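Novice: I'm passing along coords_7.cif; it holds mmCIF, C-alpha atoms.
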```
data_model
#
loop_
_atom_site.label_atom_id
_atom_site.label_comp_id
_atom_site.auth_asym_id
_atom_site.auth_seq_id
_atom_site.Cartn_x
_atom_site.Cartn_y
_atom_site.Cartn_z
CA MET A 1 -13.35 -43.02 -9.50
CA LEU A 2 -12.30 -39.92 -11.41
CA VAL A 3 -8.55 -39.34 -11.47
CA VAL A 4 -7.47 -35.76 -12.12
CA SER A 5 -3.96 -35.20 -13.46
CA LYS A 6 -1.62 -32.78 -11.72
CA ALA A 7 -1.61 -30.58 -14.84
CA ARG A 8 -5.41 -30.33 -14.91
CA LYS A 9 -5.53 -29.71 -11.17
CA ALA A 10 -2.96 -26.91 -11.49
CA ALA A 11 -4.91 -25.39 -14.38
CA ALA A 12 -8.13 -25.54 -12.39
CA GLN A 13 -6.49 -23.86 -9.41
CA ALA A 14 -5.06 -21.16 -11.66
CA SER A 15 -8.48 -20.61 -13.23
CA TYR A 16 -10.08 -20.33 -9.80
CA GLN A 17 -7.47 -17.79 -8.75
CA GLN A 18 -8.09 -15.70 -11.87
CA GLY A 19 -11.85 -15.89 -11.35
CA GLU A 20 -11.62 -14.81 -7.72
CA ARG A 21 -9.11 -12.21 -6.57
CA LYS A 22 -5.69 -12.68 -8.09
CA ASN A 23 -4.36 -9.24 -7.16
CA PHE A 24 -2.91 -8.98 -3.65
CA ILE A 25 -2.55 -5.20 -4.03
CA ARG A 26 -5.37 -3.06 -2.70
CA ASN A 27 -6.31 0.10 -4.57
CA GLY A 28 -3.87 -0.67 -7.35
CA ASP A 29 -5.74 1.65 -9.71
CA MET A 30 -5.49 4.55 -7.20
CA ALA A 31 -9.27 5.07 -7.36
CA ILE A 32 -9.74 5.45 -3.59
CA ALA A 33 -8.36 8.59 -1.93
CA GLN A 34 -9.99 9.21 1.45
CA ARG A 35 -7.17 11.59 2.38
CA SER A 36 -6.51 14.89 0.67
CA THR A 37 -3.14 15.91 -0.77
CA GLN A 38 -0.37 14.84 1.60
CA SER A 39 2.84 16.88 1.92
CA ILE A 40 5.85 14.72 2.74
CA THR A 41 8.74 16.79 3.98
CA ALA A 42 12.46 16.31 3.50
CA SER A 43 13.76 13.49 5.70
CA GLY A 44 10.27 13.27 7.13
CA GLY A 45 10.11 9.50 7.43
CA PHE A 46 6.87 7.62 6.70
CA ALA A 47 3.63 9.26 5.60
CA TYR A 48 0.60 7.90 3.83
CA GLY A 49 0.00 9.44 0.43
CA ALA A 50 -3.35 10.62 -0.81
CA CYS A 51 -4.25 7.26 -2.39
CA ASP A 52 -5.32 4.65 0.15
CA GLY A 53 -2.91 1.83 0.89
CA TRP A 54 0.17 3.62 -0.43
CA LYS A 55 2.82 4.79 2.00
CA ILE A 56 5.82 6.97 1.17
CA TYR A 57 9.18 7.02 2.91
CA MET A 58 11.28 10.16 2.53
CA GLY A 59 14.77 9.91 3.98
CA SER A 60 16.66 12.38 1.86
CA ALA A 61 16.87 16.12 1.23
CA ALA A 62 13.91 15.86 -1.14
CA ALA A 63 10.27 16.60 -0.35
CA VAL A 64 7.09 15.81 -2.31
CA ASP A 65 3.37 16.50 -2.37
CA ALA A 66 1.40 13.29 -2.91
CA SER A 67 -2.05 13.41 -4.51
CA GLN A 68 -4.55 11.44 -6.53
CA ASP A 69 -4.32 12.68 -10.11
CA ALA A 70 -6.30 12.27 -13.33
CA GLU A 71 -3.12 11.83 -15.37
CA SER A 72 -3.23 8.15 -16.30
CA PRO A 73 -2.68 5.63 -19.10
CA ASP A 74 -5.48 4.17 -21.21
CA ALA A 75 -8.02 2.09 -19.22
CA PHE A 76 -7.28 3.94 -15.98
CA ASN A 77 -8.73 7.14 -14.55
CA ASN A 78 -6.38 7.88 -11.66
CA SER A 79 -2.78 7.71 -10.55
CA LEU A 80 -0.70 8.43 -7.48
CA LYS A 81 1.23 11.61 -8.29
CA LEU A 82 4.37 12.75 -6.51
CA ASP A 83 5.03 16.43 -7.16
CA ILE A 84 8.67 17.07 -6.23
CA THR A 85 8.64 20.29 -4.22
CA THR A 86 12.24 20.12 -2.97
CA ALA A 87 14.90 18.39 -5.03
CA ASP A 88 17.78 16.23 -3.78
CA THR A 89 20.54 17.31 -6.15
CA SER A 90 23.43 15.70 -4.27
CA VAL A 91 22.67 12.15 -3.17
CA ALA A 92 24.35 11.28 0.13
CA ALA A 93 25.25 7.72 1.10
CA GLY A 94 22.26 7.28 3.40
CA ASP A 95 19.65 8.95 1.17
CA ILE A 96 16.59 6.80 0.58
CA ALA A 97 13.04 7.30 -0.69
CA TYR A 98 10.36 4.93 -1.95
CA ILE A 99 6.63 4.22 -2.34
CA GLU A 100 5.38 1.07 -0.63
CA GLN A 101 2.38 -1.07 0.20
CA ARG A 102 2.33 -3.39 3.24
CA PHE A 103 0.45 -6.66 3.67
CA GLU A 104 -0.93 -8.58 6.61
CA GLY A 105 0.60 -12.03 6.92
CA LEU A 106 -2.83 -13.66 6.98
CA ASN A 107 -3.46 -12.37 3.44
CA LEU A 108 -0.28 -13.86 1.96
CA GLN A 109 -0.35 -17.47 3.18
CA SER A 110 -1.05 -18.67 -0.37
CA ILE A 111 2.46 -17.75 -1.53
CA ASN A 112 3.79 -20.52 0.77
CA LYS A 113 6.83 -18.48 1.66
CA GLY A 114 9.33 -20.42 3.75
CA ASP A 115 8.59 -23.95 2.57
CA ALA A 116 9.39 -26.18 -0.38
CA GLN A 117 6.16 -25.16 -2.14
CA ALA A 118 6.99 -21.44 -2.14
CA LYS A 119 5.64 -19.57 -5.16
CA ALA A 120 7.00 -16.81 -7.36
CA LEU A 121 5.32 -13.39 -7.35
CA THR A 122 4.93 -11.10 -10.35
CA VAL A 123 4.34 -7.38 -9.95
CA SER A 124 3.08 -5.38 -12.92
CA PHE A 125 2.34 -1.66 -13.12
CA TYR A 126 2.12 1.51 -15.20
CA VAL A 127 4.66 4.19 -14.39
CA ARG A 128 5.51 7.65 -15.67
CA SER A 129 8.93 8.71 -14.45
CA PRO A 130 10.74 11.99 -15.17
CA VAL A 131 14.07 10.16 -15.45
CA THR A 132 15.20 7.46 -17.87
CA GLY A 133 17.29 4.50 -16.78
CA VAL A 134 17.19 1.77 -14.13
CA HIS A 135 14.48 1.77 -11.45
CA ILE A 136 14.11 -0.81 -8.69
CA VAL A 137 11.11 -2.67 -7.23
CA GLU A 138 11.79 -4.57 -4.01
CA ALA A 139 9.90 -7.27 -2.09
CA LEU A 140 10.72 -7.35 1.61
CA ASP A 141 9.87 -9.90 4.32
CA LEU A 142 9.24 -8.01 7.56
CA ASP A 143 8.89 -11.19 9.65
CA ASN A 144 12.30 -12.68 8.90
CA SER A 145 15.15 -10.20 9.37
CA ASN A 146 14.00 -8.04 6.45
CA ARG A 147 14.93 -10.63 3.83
CA SER A 148 14.48 -8.98 0.46
CA SER A 149 14.68 -9.47 -3.27
CA SER A 150 15.04 -6.64 -5.78
CA GLN A 151 14.22 -6.52 -9.47
CA SER A 152 14.96 -3.78 -12.00
CA TYR A 153 13.04 -2.20 -14.83
CA THR A 154 14.29 0.43 -17.26
CA ILE A 155 12.47 3.61 -18.20
CA ALA A 156 13.05 4.27 -21.91
CA SER A 157 11.27 7.63 -22.28
CA ALA A 158 10.96 10.29 -19.61
CA ASP A 159 7.50 11.68 -18.79
CA THR A 160 5.80 8.89 -20.76
CA TRP A 161 3.50 6.15 -19.48
CA GLU A 162 5.20 2.77 -19.67
CA TYR A 163 4.03 -0.70 -18.66
CA HIS A 164 6.48 -2.91 -16.78
CA SER A 165 6.51 -6.17 -14.85
CA VAL A 166 9.04 -7.87 -12.58
CA THR A 167 9.08 -11.33 -11.04
CA PHE A 168 10.37 -12.28 -7.60
CA PRO A 169 11.60 -15.88 -7.22
CA PRO A 170 10.11 -18.26 -4.64
CA ASP A 171 11.68 -17.98 -1.18
CA THR A 172 11.90 -21.27 0.70
CA THR A 173 13.33 -19.56 3.80
CA GLY A 174 11.24 -17.71 6.38
CA ALA A 175 7.51 -18.34 6.68
CA LEU A 176 5.22 -15.33 7.08
CA ASP A 177 3.27 -15.01 10.33
CA ASP A 178 -0.40 -15.89 9.94
CA ASP A 179 -1.73 -12.79 11.69
CA ASN A 180 -2.94 -9.24 11.11
CA ALA A 181 0.45 -7.56 11.58
CA ALA A 182 2.64 -6.25 8.76
CA SER A 183 4.55 -9.22 7.34
CA PHE A 184 5.53 -8.23 3.81
CA LYS A 185 5.81 -5.20 1.56
CA ILE A 186 6.46 -4.15 -2.02
CA GLN A 187 8.32 -0.88 -2.61
CA PHE A 188 9.14 1.27 -5.60
CA TRP A 189 12.48 3.01 -5.09
CA LEU A 190 12.84 6.71 -5.94
CA ILE A 191 16.36 7.42 -4.70
CA ALA A 192 19.13 5.25 -3.22
CA GLY A 193 22.47 6.37 -1.80
CA SER A 194 25.49 4.11 -1.75
CA THR A 195 24.41 2.57 1.57
CA TYR A 196 21.70 0.81 -0.44
CA SER A 197 23.21 0.74 -3.94
CA GLY A 198 26.99 0.58 -3.64
CA GLY A 199 27.52 -3.15 -3.14
CA GLY A 200 28.05 -4.46 -6.66
CA SER A 201 25.33 -6.64 -8.22
CA LEU A 202 21.64 -6.17 -7.50
CA ASN A 203 20.25 -8.66 -4.98
CA THR A 204 17.75 -10.41 -7.27
CA SER A 205 17.60 -13.53 -5.10
CA TRP A 206 16.50 -13.42 -1.44
CA GLY A 207 18.95 -12.18 1.18
CA THR A 208 19.70 -9.59 3.84
CA THR A 209 22.58 -7.59 2.33
CA THR A 210 21.75 -3.89 2.59
CA ASN A 211 24.08 -2.35 -0.01
CA THR A 212 22.76 -4.41 -2.94
CA ARG A 213 19.08 -3.64 -2.45
CA ALA A 214 18.88 -0.84 -5.05
CA VAL A 215 21.97 -1.09 -7.25
CA GLY A 216 21.55 1.09 -10.35
CA GLN A 217 18.57 3.12 -9.07
CA VAL A 218 18.47 6.55 -10.73
CA ASN A 219 17.66 9.70 -8.79
CA VAL A 220 13.99 10.37 -9.50
CA LEU A 221 13.91 13.29 -7.04
CA GLY A 222 16.65 15.46 -8.53
CA ASP A 223 14.55 18.22 -10.10
CA ALA A 224 11.85 20.23 -8.32
CA SER A 225 9.99 20.73 -11.61
CA ASP A 226 9.44 16.99 -12.06
CA ASN A 227 6.53 14.65 -11.22
CA PHE A 228 6.37 10.88 -10.77
CA TYR A 229 3.18 8.85 -11.40
CA LEU A 230 2.18 5.27 -10.62
CA THR A 231 -1.00 3.24 -11.26
CA GLY A 232 -2.34 -0.15 -12.36
CA VAL A 233 -0.26 -2.01 -9.77
CA GLN A 234 -0.89 -5.75 -9.51
CA MET A 235 0.90 -8.47 -7.51
CA GLU A 236 -0.06 -12.04 -8.37
CA LEU A 237 1.15 -15.60 -8.08
CA GLY A 238 3.38 -17.02 -10.78
CA ASN A 239 6.01 -15.91 -13.27
CA THR A 240 3.75 -14.16 -15.77
CA ALA A 241 1.95 -10.84 -15.59
CA THR A 242 -1.73 -10.97 -16.58
CA ASP A 243 -4.29 -8.26 -17.27
CA PHE A 244 -5.07 -5.92 -14.39
CA GLN A 245 -7.98 -7.13 -12.28
CA TYR A 246 -10.46 -4.30 -11.79
CA GLU A 247 -12.73 -4.18 -8.76
CA SER A 248 -16.03 -2.44 -8.21
CA HIS A 249 -15.75 0.85 -6.35
CA THR A 250 -17.54 -0.73 -3.36
CA GLU A 251 -15.14 -3.67 -3.11
CA ASN A 252 -12.11 -1.43 -3.55
CA LEU A 253 -13.32 0.98 -0.86
CA THR A 254 -14.18 -1.87 1.51
CA ARG A 255 -10.66 -3.28 1.31
CA CYS A 256 -9.23 0.17 2.03
CA GLN A 257 -11.56 0.83 4.96
CA ARG A 258 -10.04 -2.09 6.85
CA TYR A 259 -7.10 0.28 7.44
CA PHE A 260 -8.49 3.82 7.25
CA GLN A 261 -11.95 5.35 7.56
CA SER A 262 -13.14 8.91 7.39
CA LEU A 263 -16.55 8.76 9.05
CA ALA A 264 -19.07 11.43 8.21
CA ALA A 265 -22.08 12.43 10.29
CA ASN A 266 -24.26 9.56 9.09
CA ALA A 267 -21.69 7.07 10.45
CA TYR A 268 -22.33 7.97 14.07
CA THR A 269 -25.30 8.95 16.19
CA TYR A 270 -25.93 11.02 19.28
CA THR A 271 -27.47 9.31 22.33
CA PRO A 272 -28.76 10.85 25.58
CA GLU A 273 -26.34 11.90 28.25
CA TYR A 274 -24.36 9.24 30.10
CA ASN A 275 -22.75 10.24 33.41
CA ASN A 276 -23.36 13.88 32.50
CA TYR A 277 -21.70 13.58 29.08
CA PRO A 278 -23.33 13.41 25.65
CA ARG A 279 -22.36 10.13 23.99
CA PHE A 280 -21.68 9.36 20.33
CA PHE A 281 -21.72 5.83 18.93
CA VAL A 282 -19.64 5.30 15.78
CA ASN A 283 -20.57 2.37 13.56
CA PHE A 284 -17.68 1.29 11.38
CA PRO A 285 -18.94 0.02 7.99
CA VAL A 286 -16.03 -2.42 7.84
CA THR A 287 -14.36 -4.28 10.70
CA MET A 288 -10.92 -2.74 10.92
CA ARG A 289 -7.62 -4.61 11.01
CA ALA A 290 -7.15 -3.78 14.70
CA ALA A 291 -8.53 -1.40 17.30
CA PRO A 292 -8.11 1.90 15.47
CA THR A 293 -6.45 5.11 16.50
CA ILE A 294 -9.16 7.76 16.59
CA THR A 295 -8.72 11.37 15.58
CA LEU A 296 -11.57 13.39 17.02
CA PRO A 297 -12.78 16.74 15.74
CA THR A 298 -11.92 19.66 17.98
CA THR A 299 -15.63 19.96 18.79
CA PHE A 300 -15.39 16.66 20.71
CA ALA A 301 -13.60 17.24 23.98
CA GLY A 302 -12.82 13.68 25.07
CA ALA A 303 -12.91 10.02 24.15
CA SER A 304 -13.29 6.66 25.87
CA THR A 305 -13.31 2.97 24.95
CA VAL A 306 -12.77 2.00 21.31
CA ASP A 307 -12.77 -1.44 19.73
CA ASN A 308 -12.64 -2.57 16.10
CA CYS A 309 -16.40 -2.73 15.64
CA THR A 310 -17.90 0.21 17.49
CA GLY A 311 -16.44 3.22 19.29
CA TYR A 312 -18.13 5.58 21.68
CA TYR A 313 -17.06 9.04 22.73
CA ASN A 314 -17.96 11.20 25.71
CA SER A 315 -17.85 14.88 24.90
CA THR A 316 -17.98 17.92 27.14
CA SER A 317 -18.82 20.17 24.22
CA VAL A 318 -20.96 19.51 21.18
CA ALA A 319 -21.06 21.51 18.00
CA ALA A 320 -24.23 22.21 16.06
CA THR A 321 -22.86 20.14 13.15
CA TYR A 322 -21.43 16.64 13.14
CA PRO A 323 -17.86 16.78 11.78
CA SER A 324 -15.90 13.77 10.52
CA VAL A 325 -14.15 11.28 12.77
CA ILE A 326 -10.97 9.60 11.49
CA ALA A 327 -10.22 5.95 12.36
CA THR A 328 -6.80 4.53 11.47
CA ALA A 329 -5.49 0.96 11.74
CA GLU A 330 -2.75 1.16 9.13
CA LEU A 331 0.10 -1.32 8.89
#
```
Before anything else, please render the file you have as structure tokens.

Specialist:
Amino acid sequence: MLVVSKARKAAAQASYQQGERKNFIRNGDMAIAQRSTQSITASGGFAYGACDGWKIYMGSAAAVDASQDAESPDAFNNSLKLDITTADTSVAAGDIAYIEQRFEGLNLQSINKGDAQAKALTVSFYVRSPVTGVHIVEALDLDNSNRSSSQSYTIASADTWEYHSVTFPPDTTGALDDDNAASFKIQFWLIAGSTYSGGGSLNTSWGTTTNTRAVGQVNVLGDASDNFYLTGVQMELGNTATDFQYESHTENLTRCQRYFQSLAANAYTYTPEYNNYPRFFVNFPVTMRAAPTITLPTTFAGASTVDNCTGYYNSTSVAATYPSVIATAEL
């Protein structure tokens, strides 16, 4: 009988992880942008940016335009750009803004959160910030009272691409739900009033204290002439950052289409009338996370049953062309 040591078994598991998909982040290289430029207004709340998978929260006097941009470090072709269109020059206590990505619980069971075998997570990324000083990355557990851990990195040179990594310790409290709902998120802080930063020491362990979540965070949104860029984001198991794991365009797009699809004419077909209405069948190329919310073109006058594989639409008016249909099942 062959006996395999724990060290060799761990090494084999690590090798398997590296050979398969080690990066939990989707679209970390910002290559997929099914949306166009997204304007995010002052105190506008959540909005998805132009790059798939990346959501922006704006809860301050600032406003930004989000877009996919060619400005990028070596080995990358794209970044998520935030063009500050309205500055927040006087940070109030409740001001908050950040870039985030959310994860289904079923995709994060391997981190073993909430038990004795919980694993550390390392997040690495390339960032170009207009402001030097301390910036905060936070991991947040949405299933267990918003337990969070925050780590800092320091920008040395403004308007310069820098590579950084942070590590979040294992959390033996609070298992993540094994389902398709939002269970966890990573967020890059842009601004933090004293409600989130005035509590003393940064909460680098796991806890639920609000005013230590972003201690030291500089105001990235203080000048309307500035831009902020992010790309090459990777979240992986362990305490050490490794090289960014690139994906083929097809694989990257497929992962993004689980949450958002812009379906062109060749994605749906016209069938003969049904109960006096023309009918359109939409064939989703990827099974979506949940039954999607459908945005119909104005040339389609009505809609009926939708599920996460195929939707059909009854229309009282039909245009000569087939415009796009938007399907959204975002977290």

Novice: Could you tell me which residues the PyMOL selection byres ((chain A and resi 127) around 6) grabs in this file, written as a ChimeraX atom specification?

Specialist: /A:126,128,161-162,229-230

Novice: Can you tell me how far CA of Asn211 in chain A sits from CA of Asp226 in chain A, in Å to one decimal?

Specialist: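 Atom-to-atom, CA of Asn211 in chain A and CA of Asp226 in chain A are spaced 27.1 Å apart.
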
Novice: For the point (18.7, 2.3, -18.8) in file coordinates, what residues are within 8 Å, counting all atoms listed in the file? Give the answer as a PyMOL selection string?

Specialist: chain A and resi 132-134+154-156

Novice: Could you list, as a list of chain:residue names, every residue within 6 Å of Asn203 in chain A, counting all atoms listed in the file and ignoring same-chain residues fewer than 5 positions away?

Specialist: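 Residues meeting the cut-off are A:Ser149, A:Ser150, A:Thr212, A:Arg213.
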
Novice: As a ChimeraX atom specification, please: the residues near range 102-105 of chain A (cut-off 12 Å, all atoms listed in the file, same-chain neighbours under 3 positions excluded).

Specialist: /A:24-26,48,52-56,99,108-113,138-144,175-187,235,255-256,258-259,289-290,329-331

Novice: As an exercise, work out the distance from CA of Ser194 in chain A to CA of Trp206 in chain A in Å and give it to one decimal place.

Specialist: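 So the answer is 19.7 Å.
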
Novice: Tell me which protein, DNA and RNA residues are within 10 Å of Tyr246 in chain A, counting only C-alpha atoms, leaving out same-chain ones fewer than 4 positions away, and put them as an MDAnalysis selection string.

Specialist: chainID A and resid 21 23 27:29 76 232 234 251:252

Novice: Can you work out which one of A:Phe244, A:Glu236, A:Gln34, A:Gly114 has the shortest atom-to-atom distance to Leu263 in chain A, counting only C-alpha atoms?

Specialist: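 With only C-alpha atoms as the atom set, the closest residue is A:Gln34.
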
Novice: Please expand the PyMOL selection byres ((chain A and resi 58-72) around 6) into the concrete residues it hits in this file, giving the result as number ranges by chain.

Specialist: A: 37-45, 49-51, 57, 73, 76-88, 95-97

Novice: For the selection you just gave me, I'd like the residues written to a file as a compact mmCIF listing (two decimals), in the frame of the given file, keeping C-alpha atoms.

Specialist:
```txt
# COMPACT_ATOMS: atom_id res chain seq x y z
CA THR A 37 -3.14 15.91 -0.77
CA GLN A 38 -0.37 14.84 1.60
CA SER A 39 2.84 16.88 1.92
CA ILE A 40 5.85 14.72 2.74
CA THR A 41 8.74 16.79 3.98
CA ALA A 42 12.46 16.31 3.50
CA SER A 43 13.76 13.49 5.70
CA GLY A 44 10.27 13.27 7.13
CA GLY A 45 10.11 9.50 7.43
CA GLY A 49 0.00 9.44 0.43
CA ALA A 50 -3.35 10.62 -0.81
CA CYS A 51 -4.25 7.26 -2.39
CA TYR A 57 9.18 7.02 2.91
CA PRO A 73 -2.68 5.63 -19.10
CA PHE A 76 -7.28 3.94 -15.98
CA ASN A 77 -8.73 7.14 -14.55
CA ASN A 78 -6.38 7.88 -11.66
CA SER A 79 -2.78 7.71 -10.55
CA LEU A 80 -0.70 8.43 -7.48
CA LYS A 81 1.23 11.61 -8.29
CA LEU A 82 4.37 12.75 -6.51
CA ASP A 83 5.03 16.43 -7.16
CA ILE A 84 8.67 17.07 -6.23
CA THR A 85 8.64 20.29 -4.22
CA THR A 86 12.24 20.12 -2.97
CA ALA A 87 14.90 18.39 -5.03
CA ASP A 88 17.78 16.23 -3.78
CA ASP A 95 19.65 8.95 1.17
CA ILE A 96 16.59 6.80 0.58
CA ALA A 97 13.04 7.30 -0.69
```

Novice: Rounded to one decimal in Å, what is the spacing between CA of Leu121 in chain A and CA of Leu190 in chain A?

Specialist: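 Going from CA of Leu121 in chain A over to CA of Leu190 in chain A, I get 21.5 Å.
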
Novice: From (11.6, -3.3, -6.9), in the file's coordinates, out to 10 Å: which residues are reached, counting all atoms listed in the file? Answer as a tab-separated table (two decimals) with C-alpha atoms, in the coordinates of the input.

Specialist:
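Writing done, so here's result30.tsv:
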```
chain	number	residue	atom	x	y	z
A	98	TYR	CA	10.36	4.93	-1.95
A	100	GLU	CA	5.38	1.07	-0.63
A	123	VAL	CA	4.34	-7.38	-9.95
A	135	HIS	CA	14.48	1.77	-11.45
A	136	ILE	CA	14.11	-0.81	-8.69
A	137	VAL	CA	11.11	-2.67	-7.23
A	138	GLU	CA	11.79	-4.57	-4.01
A	139	ALA	CA	9.90	-7.27	-2.09
A	140	LEU	CA	10.72	-7.35	1.61
A	148	SER	CA	14.48	-8.98	0.46
A	149	SER	CA	14.68	-9.47	-3.27
A	150	SER	CA	15.04	-6.64	-5.78
A	151	GLN	CA	14.22	-6.52	-9.47
A	152	SER	CA	14.96	-3.78	-12.00
A	153	TYR	CA	13.04	-2.20	-14.83
A	165	SER	CA	6.51	-6.17	-14.85
A	166	VAL	CA	9.04	-7.87	-12.58
A	167	THR	CA	9.08	-11.33	-11.04
A	168	PHE	CA	10.37	-12.28	-7.60
A	186	ILE	CA	6.46	-4.15	-2.02
A	187	GLN	CA	8.32	-0.88	-2.61
A	188	PHE	CA	9.14	1.27	-5.60
A	189	TRP	CA	12.48	3.01	-5.09
A	204	THR	CA	17.75	-10.41	-7.27
A	213	ARG	CA	19.08	-3.64	-2.45
A	214	ALA	CA	18.88	-0.84	-5.05
A	217	GLN	CA	18.57	3.12	-9.07
```

Novice: Quick one: of A:Ala241, A:Ala264, A:Val131, A:Ala92, who's nearest to Lys22 in chain A, counting only C-alpha atoms?

Specialist: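 Using only C-alpha atoms, the shortest distance to Lys22 in chain A belongs to A:Ala241.
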
Novice: Which residue gives the smallest distance to Pro292 in chain A among A:Thr209, A:Ser262, A:Gln101, A:Gln117, with only C-alpha atoms counted?

Specialist: A:Ser262

Novice: Could you pull range 208-262 of chain A out of the structure just shown and give C-alpha atoms as a tab-separated table (two decimals), in the first residue's frame?

Specialist:
```tsv
chain	number	residue	atom	x	y	z
A	208	THR	CA	-18.34	43.40	12.96
A	209	THR	CA	-17.14	46.81	14.20
A	210	THR	CA	-18.14	49.44	11.65
A	211	ASN	CA	-15.80	52.33	12.52
A	212	THR	CA	-12.58	50.34	12.06
A	213	ARG	CA	-13.34	49.00	8.59
A	214	ALA	CA	-11.34	51.62	6.67
A	215	VAL	CA	-9.01	53.35	9.13
A	216	GLY	CA	-6.41	55.41	7.27
A	217	GLN	CA	-8.16	55.38	3.88
A	218	VAL	CA	-7.20	58.45	1.83
A	219	ASN	CA	-9.74	60.39	-0.20
A	220	VAL	CA	-9.29	59.14	-3.76
A	221	LEU	CA	-12.28	61.19	-4.99
A	222	GLY	CA	-11.14	64.67	-3.94
A	223	ASP	CA	-10.21	66.12	-7.35
A	224	ALA	CA	-12.43	66.14	-10.43
A	225	SER	CA	-9.36	66.07	-12.70
A	226	ASP	CA	-8.23	62.70	-11.33
A	227	ASN	CA	-8.70	59.10	-12.51
A	228	PHE	CA	-8.42	55.78	-10.68
A	229	TYR	CA	-7.52	52.50	-12.45
A	230	LEU	CA	-7.64	48.85	-11.39
A	231	THR	CA	-6.74	45.58	-13.15
A	232	GLY	CA	-5.05	42.19	-12.72
A	233	VAL	CA	-7.15	41.34	-9.67
A	234	GLN	CA	-6.71	37.83	-8.27
A	235	MET	CA	-8.09	36.19	-5.11
A	236	GLU	CA	-6.59	32.81	-4.23
A	237	LEU	CA	-6.15	30.41	-1.36
A	238	GLY	CA	-3.15	30.77	0.91
A	239	ASN	CA	-0.83	33.45	2.26
A	240	THR	CA	1.21	34.10	-0.88
A	241	ALA	CA	0.32	35.92	-4.07
A	242	THR	CA	1.19	34.04	-7.27
A	243	ASP	CA	1.26	35.08	-10.91
A	244	PHE	CA	-2.05	36.21	-12.39
A	245	GLN	CA	-3.99	33.37	-13.98
A	246	TYR	CA	-5.10	34.38	-17.46
A	247	GLU	CA	-8.17	32.86	-19.07
A	248	SER	CA	-9.17	32.51	-22.69
A	249	HIS	CA	-11.61	35.16	-23.87
A	250	THR	CA	-14.30	32.46	-24.21
A	251	GLU	CA	-13.90	31.20	-20.65
A	252	ASN	CA	-13.79	34.73	-19.25
A	253	LEU	CA	-16.94	35.73	-21.15
A	254	THR	CA	-18.74	32.54	-20.13
A	255	ARG	CA	-18.15	33.22	-16.44
A	256	CYS	CA	-19.46	36.77	-16.88
A	257	GLN	CA	-22.55	35.67	-18.82
A	258	ARG	CA	-23.79	33.74	-15.80
A	259	TYR	CA	-24.72	37.18	-14.42
A	260	PHE	CA	-25.26	39.46	-17.42
A	261	GLN	CA	-25.99	38.89	-21.10
A	262	SER	CA	-26.55	41.29	-23.94
```
